[in-house]
Amino acid sequence: MHPVLLEEAGLESTLDWYIPTVERQLGLSLHYEKSGTPFNVESGAGVQVYRIAQEALNNVSRHAGVQEAWVRLMYKPDVLVLEVEDHGKGISAQKDERGIGLVAMRERAELIDGNIEYLQSNGRGTLVRMIAPREKVEAHAG
């Protein structure tokens, strides 16, 4: 059910591969930014983060009404942050459609003791921000 690439190459390499792939598949223009000092993300946690990115980008494609989005993977000293931002319609316009995808993303974040926020981006659009504690997602050698 999850990409073999995640186990073999890790979260960052999987996203490096996935972003251009999904750009072609969904016809999106994605700006992918990584920041901070990378640490190894345990593959089980990586699956959750990857699936959140996947769902968020599917939502951009299906609901935002725009073809451009920003994906940010941020390694902070004590947390891992994933953001997917678009400047489309925004979630508030679709409050009645708070679908299974948003619930699933929240549940995935909770599996790694993280949380997820659905924010408005600059007064329009959507910013999905997942924050997970480093000690919960980091792969420990040994």
# chains A, B, ... in the order shown; residues from 1 in each chain; ligands from 1
>>> closest_atom_pairs(of="stretch 3-98 of chain A", to="stretch 129-133 of chain A", cutoff="9 Å", atoms="only C-alpha atoms", output="tab-separated table")
residue	atom	partner	partner_atom	distance
A:Val49	CA	A:Met130	CA	8.1
A:Ile52	CA	A:Met130	CA	8.2
A:Asp78	CA	A:Pro133	CA	6.1
A:Val79	CA	A:Pro133	CA	4.4
A:Leu80	CA	A:Ala132	CA	5.3
A:Val81	CA	A:Ile131	CA	4.6
A:Leu82	CA	A:Met130	CA	5.1
A:Glu83	CA	A:Arg129	CA	4.5
A:Val84	CA	A:Arg129	CA	6.7
A:Glu85	CA	A:Arg129	CA	8.4
>>> write_last_selection(atoms="N, CA and C atoms", output="compact mmCIF listing (two decimals), in the first residue's frame")
# COMPACT_ATOMS: atom_id res chain seq x y z
N VAL A 49 3.49 11.13 6.47
CA VAL A 49 3.79 12.46 5.95
C VAL A 49 3.58 12.48 4.43
N ILE A 52 -0.09 12.52 3.59
CA ILE A 52 -0.66 13.84 3.83
C ILE A 52 -0.33 14.75 2.64
N ASP A 78 13.38 20.58 16.56
CA ASP A 78 12.57 19.64 17.33
C ASP A 78 11.30 19.15 16.64
N VAL A 79 11.06 19.61 15.41
CA VAL A 79 9.87 19.17 14.69
C VAL A 79 10.14 19.02 13.20
N LEU A 80 9.29 18.24 12.55
CA LEU A 80 9.26 18.14 11.10
C LEU A 80 7.98 18.85 10.66
N VAL A 81 8.10 19.75 9.69
CA VAL A 81 6.95 20.50 9.21
C VAL A 81 6.77 20.25 7.72
N LEU A 82 5.54 19.95 7.33
CA LEU A 82 5.19 19.85 5.92
C LEU A 82 4.09 20.87 5.66
N GLU A 83 4.27 21.69 4.64
CA GLU A 83 3.22 22.63 4.25
C GLU A 83 2.89 22.43 2.79
N VAL A 84 1.59 22.50 2.50
CA VAL A 84 1.13 22.54 1.11
C VAL A 84 0.21 23.75 1.03
N GLU A 85 0.57 24.69 0.17
CA GLU A 85 -0.15 25.95 0.09
C GLU A 85 -0.62 26.21 -1.34
>>> residues_around(residues="A:Asn59", least_positions_apart="3", cutoff="10 Å", atoms="only C-alpha atoms", output="compact mmCIF listing (two decimals) with N, CA and C atoms, in the first residue's frame")
# COMPACT_ATOMS: atom_id res chain seq x y z
N ALA A 53 0.91 14.71 2.18
CA ALA A 53 1.30 15.52 1.02
C ALA A 53 0.45 15.14 -0.20
N GLN A 54 0.29 13.84 -0.39
CA GLN A 54 -0.48 13.33 -1.52
C GLN A 54 -1.93 13.83 -1.47
N GLU A 55 -2.56 13.69 -0.33
CA GLU A 55 -3.96 14.11 -0.17
C GLU A 55 -4.09 15.62 -0.35
N ALA A 56 -3.16 16.37 0.24
CA ALA A 56 -3.22 17.83 0.13
C ALA A 56 -3.10 18.26 -1.33
N ARG A 62 -8.24 19.03 -7.17
CA ARG A 62 -9.70 18.84 -7.29
C ARG A 62 -10.52 20.06 -6.91
N HIS A 63 -10.06 20.81 -5.88
CA HIS A 63 -10.95 21.81 -5.28
C HIS A 63 -10.48 23.25 -5.38
N ALA A 64 -9.18 23.49 -5.51
CA ALA A 64 -8.68 24.86 -5.36
C ALA A 64 -9.01 25.75 -6.56
N GLY A 65 -9.15 25.13 -7.74
CA GLY A 65 -9.40 25.92 -8.93
C GLY A 65 -8.16 26.65 -9.44
N ASP A 86 -1.83 26.72 -1.46
CA ASP A 86 -2.31 27.16 -2.77
C ASP A 86 -3.01 28.50 -2.59
N ILE A 91 -10.52 26.60 1.78
CA ILE A 91 -11.37 25.57 2.38
C ILE A 91 -12.69 26.15 2.85
N GLY A 101 -10.97 13.22 3.15
CA GLY A 101 -9.55 13.52 2.97
C GLY A 101 -8.99 14.35 4.11
N LEU A 102 -9.73 15.37 4.55
CA LEU A 102 -9.26 16.22 5.64
C LEU A 102 -9.22 15.44 6.95
N THR A 126 -5.46 28.09 0.56
CA THR A 126 -5.39 27.19 1.69
C THR A 126 -3.93 26.88 2.00
>>> residues_around(residues="A:Arg108", least_positions_apart="2", cutoff="9 Å", atoms="only C-alpha atoms", output="number ranges by chain")
A: 45, 48-49, 51-52, 103-106, 110-112, 114-115
>>> closest_residue(among="A:Val66, A:Ile116, A:Ala9, A:Leu15", to="A:Leu28", atoms="only C-alpha atoms")
A:Val66
>>> select_by_dssp(residues="chain A", states="helix (DSSP H, G or I)", output="PyMOL selection string")
chain A and resi 4-9+11-26+43-64+92-97+100-111+134-137
>>> closest_residue(among="A:Tyr50, A:Thr37, A:Asn58, A:Glu107", to="A:Trp17", atoms="only C-alpha atoms")
A:Tyr50
>>> closest_residue(among="A:Gly88, A:Gly99, A:Gly10, A:Gly125", to="A:Val47", atoms="only C-alpha atoms")
A:Gly10
>>> atom_distance(atom1="atom CA of A:His140", atom2="atom CA of A:Asn40")
8.0 Å
>>> select_by_dssp(residues="stretch 35-90 of chain A", states="strand (DSSP E or B)", output="PyMOL selection string")
chain A and resi 35-36+41+68-75+79-86
>>> write_last_selection(atoms="C-alpha atoms", output="PDB file, in the first residue's frame")
ATOM      1  CA  SER A  35      14.884  23.865   4.556  1.00  0.00           C
ATOM      2  CA  GLY A  36      16.737  23.074   7.741  1.00  0.00           C
ATOM      3  CA  VAL A  41      12.547  10.053   9.033  1.00  0.00           C
ATOM      4  CA  GLU A  68      -0.063  26.191  -8.787  1.00  0.00           C
ATOM      5  CA  ALA A  69       0.966  25.168  -5.284  1.00  0.00           C
ATOM      6  CA  TRP A  70       3.879  25.337  -2.876  1.00  0.00           C
ATOM      7  CA  VAL A  71       5.213  22.309  -0.993  1.00  0.00           C
ATOM      8  CA  ARG A  72       7.604  22.939   1.883  1.00  0.00           C
ATOM      9  CA  LEU A  73       9.456  20.309   3.877  1.00  0.00           C
ATOM     10  CA  MET A  74      11.087  21.932   6.901  1.00  0.00           C
ATOM     11  CA  TYR A  75      13.467  20.206   9.271  1.00  0.00           C
ATOM     12  CA  VAL A  79       9.870  19.166  14.689  1.00  0.00           C
ATOM     13  CA  LEU A  80       9.259  18.144  11.099  1.00  0.00           C
ATOM     14  CA  VAL A  81       6.945  20.500   9.210  1.00  0.00           C
ATOM     15  CA  LEU A  82       5.187  19.846   5.920  1.00  0.00           C
ATOM     16  CA  GLU A  83       3.225  22.627   4.255  1.00  0.00           C
ATOM     17  CA  VAL A  84       1.127  22.540   1.113  1.00  0.00           C
ATOM     18  CA  GLU A  85      -0.146  25.953   0.086  1.00  0.00           C
ATOM     19  CA  ASP A  86      -2.312  27.159  -2.770  1.00  0.00           C
TER      20      ASP A  86
END
>>> atom_distance(atom1="atom CA of A:Leu11", atom2="atom CA of A:Lys34")
11.9 Å
>>> decode(residues="stretch 53-77 of chain A", atoms="N, CA and C atoms", output="PDB file, in the first residue's frame")
ATOM      1  N   ALA A  53       0.905  14.713   2.177  1.00  0.00           N
ATOM      2  CA  ALA A  53       1.297  15.523   1.016  1.00  0.00           C
ATOM      3  C   ALA A  53       0.455  15.144  -0.200  1.00  0.00           C
ATOM      4  N   GLN A  54       0.287  13.837  -0.389  1.00  0.00           N
ATOM      5  CA  GLN A  54      -0.483  13.328  -1.522  1.00  0.00           C
ATOM      6  C   GLN A  54      -1.932  13.827  -1.471  1.00  0.00           C
ATOM      7  N   GLU A  55      -2.558  13.689  -0.332  1.00  0.00           N
ATOM      8  CA  GLU A  55      -3.956  14.108  -0.167  1.00  0.00           C
ATOM      9  C   GLU A  55      -4.093  15.617  -0.348  1.00  0.00           C
ATOM     10  N   ALA A  56      -3.165  16.370   0.243  1.00  0.00           N
ATOM     11  CA  ALA A  56      -3.225  17.828   0.128  1.00  0.00           C
ATOM     12  C   ALA A  56      -3.098  18.265  -1.335  1.00  0.00           C
ATOM     13  N   LEU A  57      -2.193  17.612  -2.082  1.00  0.00           N
ATOM     14  CA  LEU A  57      -2.020  17.978  -3.490  1.00  0.00           C
ATOM     15  C   LEU A  57      -3.214  17.540  -4.326  1.00  0.00           C
ATOM     16  N   ASN A  58      -3.812  16.393  -3.992  1.00  0.00           N
ATOM     17  CA  ASN A  58      -5.042  15.982  -4.671  1.00  0.00           C
ATOM     18  C   ASN A  58      -6.144  17.008  -4.425  1.00  0.00           C
ATOM     19  N   ASN A  59      -6.209  17.537  -3.206  1.00  0.00           N
ATOM     20  CA  ASN A  59      -7.214  18.554  -2.897  1.00  0.00           C
ATOM     21  C   ASN A  59      -6.983  19.827  -3.700  1.00  0.00           C
ATOM     22  N   VAL A  60      -5.723  20.222  -3.861  1.00  0.00           N
ATOM     23  CA  VAL A  60      -5.413  21.386  -4.693  1.00  0.00           C
ATOM     24  C   VAL A  60      -5.947  21.140  -6.103  1.00  0.00           C
ATOM     25  N   SER A  61      -5.627  19.963  -6.625  1.00  0.00           N
ATOM     26  CA  SER A  61      -6.028  19.630  -7.988  1.00  0.00           C
ATOM     27  C   SER A  61      -7.547  19.613  -8.159  1.00  0.00           C
ATOM     28  N   ARG A  62      -8.242  19.031  -7.169  1.00  0.00           N
ATOM     29  CA  ARG A  62      -9.699  18.842  -7.290  1.00  0.00           C
ATOM     30  C   ARG A  62     -10.521  20.058  -6.906  1.00  0.00           C
ATOM     31  N   HIS A  63     -10.062  20.809  -5.883  1.00  0.00           N
ATOM     32  CA  HIS A  63     -10.947  21.807  -5.283  1.00  0.00           C
ATOM     33  C   HIS A  63     -10.485  23.253  -5.379  1.00  0.00           C
ATOM     34  N   ALA A  64      -9.185  23.489  -5.508  1.00  0.00           N
ATOM     35  CA  ALA A  64      -8.683  24.861  -5.361  1.00  0.00           C
ATOM     36  C   ALA A  64      -9.009  25.746  -6.562  1.00  0.00           C
ATOM     37  N   GLY A  65      -9.145  25.128  -7.741  1.00  0.00           N
ATOM     38  CA  GLY A  65      -9.400  25.919  -8.934  1.00  0.00           C
ATOM     39  C   GLY A  65      -8.160  26.647  -9.441  1.00  0.00           C
ATOM     40  N   VAL A  66      -6.990  26.206  -8.981  1.00  0.00           N
ATOM     41  CA  VAL A  66      -5.730  26.783  -9.459  1.00  0.00           C
ATOM     42  C   VAL A  66      -4.791  25.642  -9.834  1.00  0.00           C
ATOM     43  N   GLN A  67      -3.752  25.974 -10.596  1.00  0.00           N
ATOM     44  CA  GLN A  67      -2.823  24.955 -11.070  1.00  0.00           C
ATOM     45  C   GLN A  67      -1.450  25.104 -10.428  1.00  0.00           C
ATOM     46  N   GLU A  68      -1.365  25.917  -9.373  1.00  0.00           N
ATOM     47  CA  GLU A  68      -0.063  26.191  -8.787  1.00  0.00           C
ATOM     48  C   GLU A  68      -0.131  25.975  -7.276  1.00  0.00           C
ATOM     49  N   ALA A  69       0.924  25.385  -6.726  1.00  0.00           N
ATOM     50  CA  ALA A  69       0.966  25.168  -5.284  1.00  0.00           C
ATOM     51  C   ALA A  69       2.419  25.148  -4.819  1.00  0.00           C
ATOM     52  N   TRP A  70       2.567  25.336  -3.513  1.00  0.00           N
ATOM     53  CA  TRP A  70       3.879  25.337  -2.876  1.00  0.00           C
ATOM     54  C   TRP A  70       3.925  24.184  -1.883  1.00  0.00           C
ATOM     55  N   VAL A  71       5.005  23.404  -1.948  1.00  0.00           N
ATOM     56  CA  VAL A  71       5.213  22.309  -0.993  1.00  0.00           C
ATOM     57  C   VAL A  71       6.506  22.624  -0.253  1.00  0.00           C
ATOM     58  N   ARG A  72       6.418  22.643   1.081  1.00  0.00           N
ATOM     59  CA  ARG A  72       7.604  22.939   1.883  1.00  0.00           C
ATOM     60  C   ARG A  72       7.828  21.820   2.893  1.00  0.00           C
ATOM     61  N   LEU A  73       9.044  21.306   2.894  1.00  0.00           N
ATOM     62  CA  LEU A  73       9.456  20.309   3.877  1.00  0.00           C
ATOM     63  C   LEU A  73      10.515  20.989   4.735  1.00  0.00           C
ATOM     64  N   MET A  74      10.195  21.178   6.033  1.00  0.00           N
ATOM     65  CA  MET A  74      11.087  21.932   6.901  1.00  0.00           C
ATOM     66  C   MET A  74      11.555  21.058   8.066  1.00  0.00           C
ATOM     67  N   TYR A  75      12.868  20.925   8.151  1.00  0.00           N
ATOM     68  CA  TYR A  75      13.467  20.206   9.271  1.00  0.00           C
ATOM     69  C   TYR A  75      13.841  21.242  10.321  1.00  0.00           C
ATOM     70  N   LYS A  76      13.119  21.263  11.418  1.00  0.00           N
ATOM     71  CA  LYS A  76      13.430  22.191  12.510  1.00  0.00           C
ATOM     72  C   LYS A  76      14.134  21.369  13.587  1.00  0.00           C
ATOM     73  N   PRO A  77      14.787  22.042  14.540  1.00  0.00           N
ATOM     74  CA  PRO A  77      15.521  21.283  15.561  1.00  0.00           C
ATOM     75  C   PRO A  77      14.653  20.253  16.293  1.00  0.00           C
TER      76      PRO A  77
END
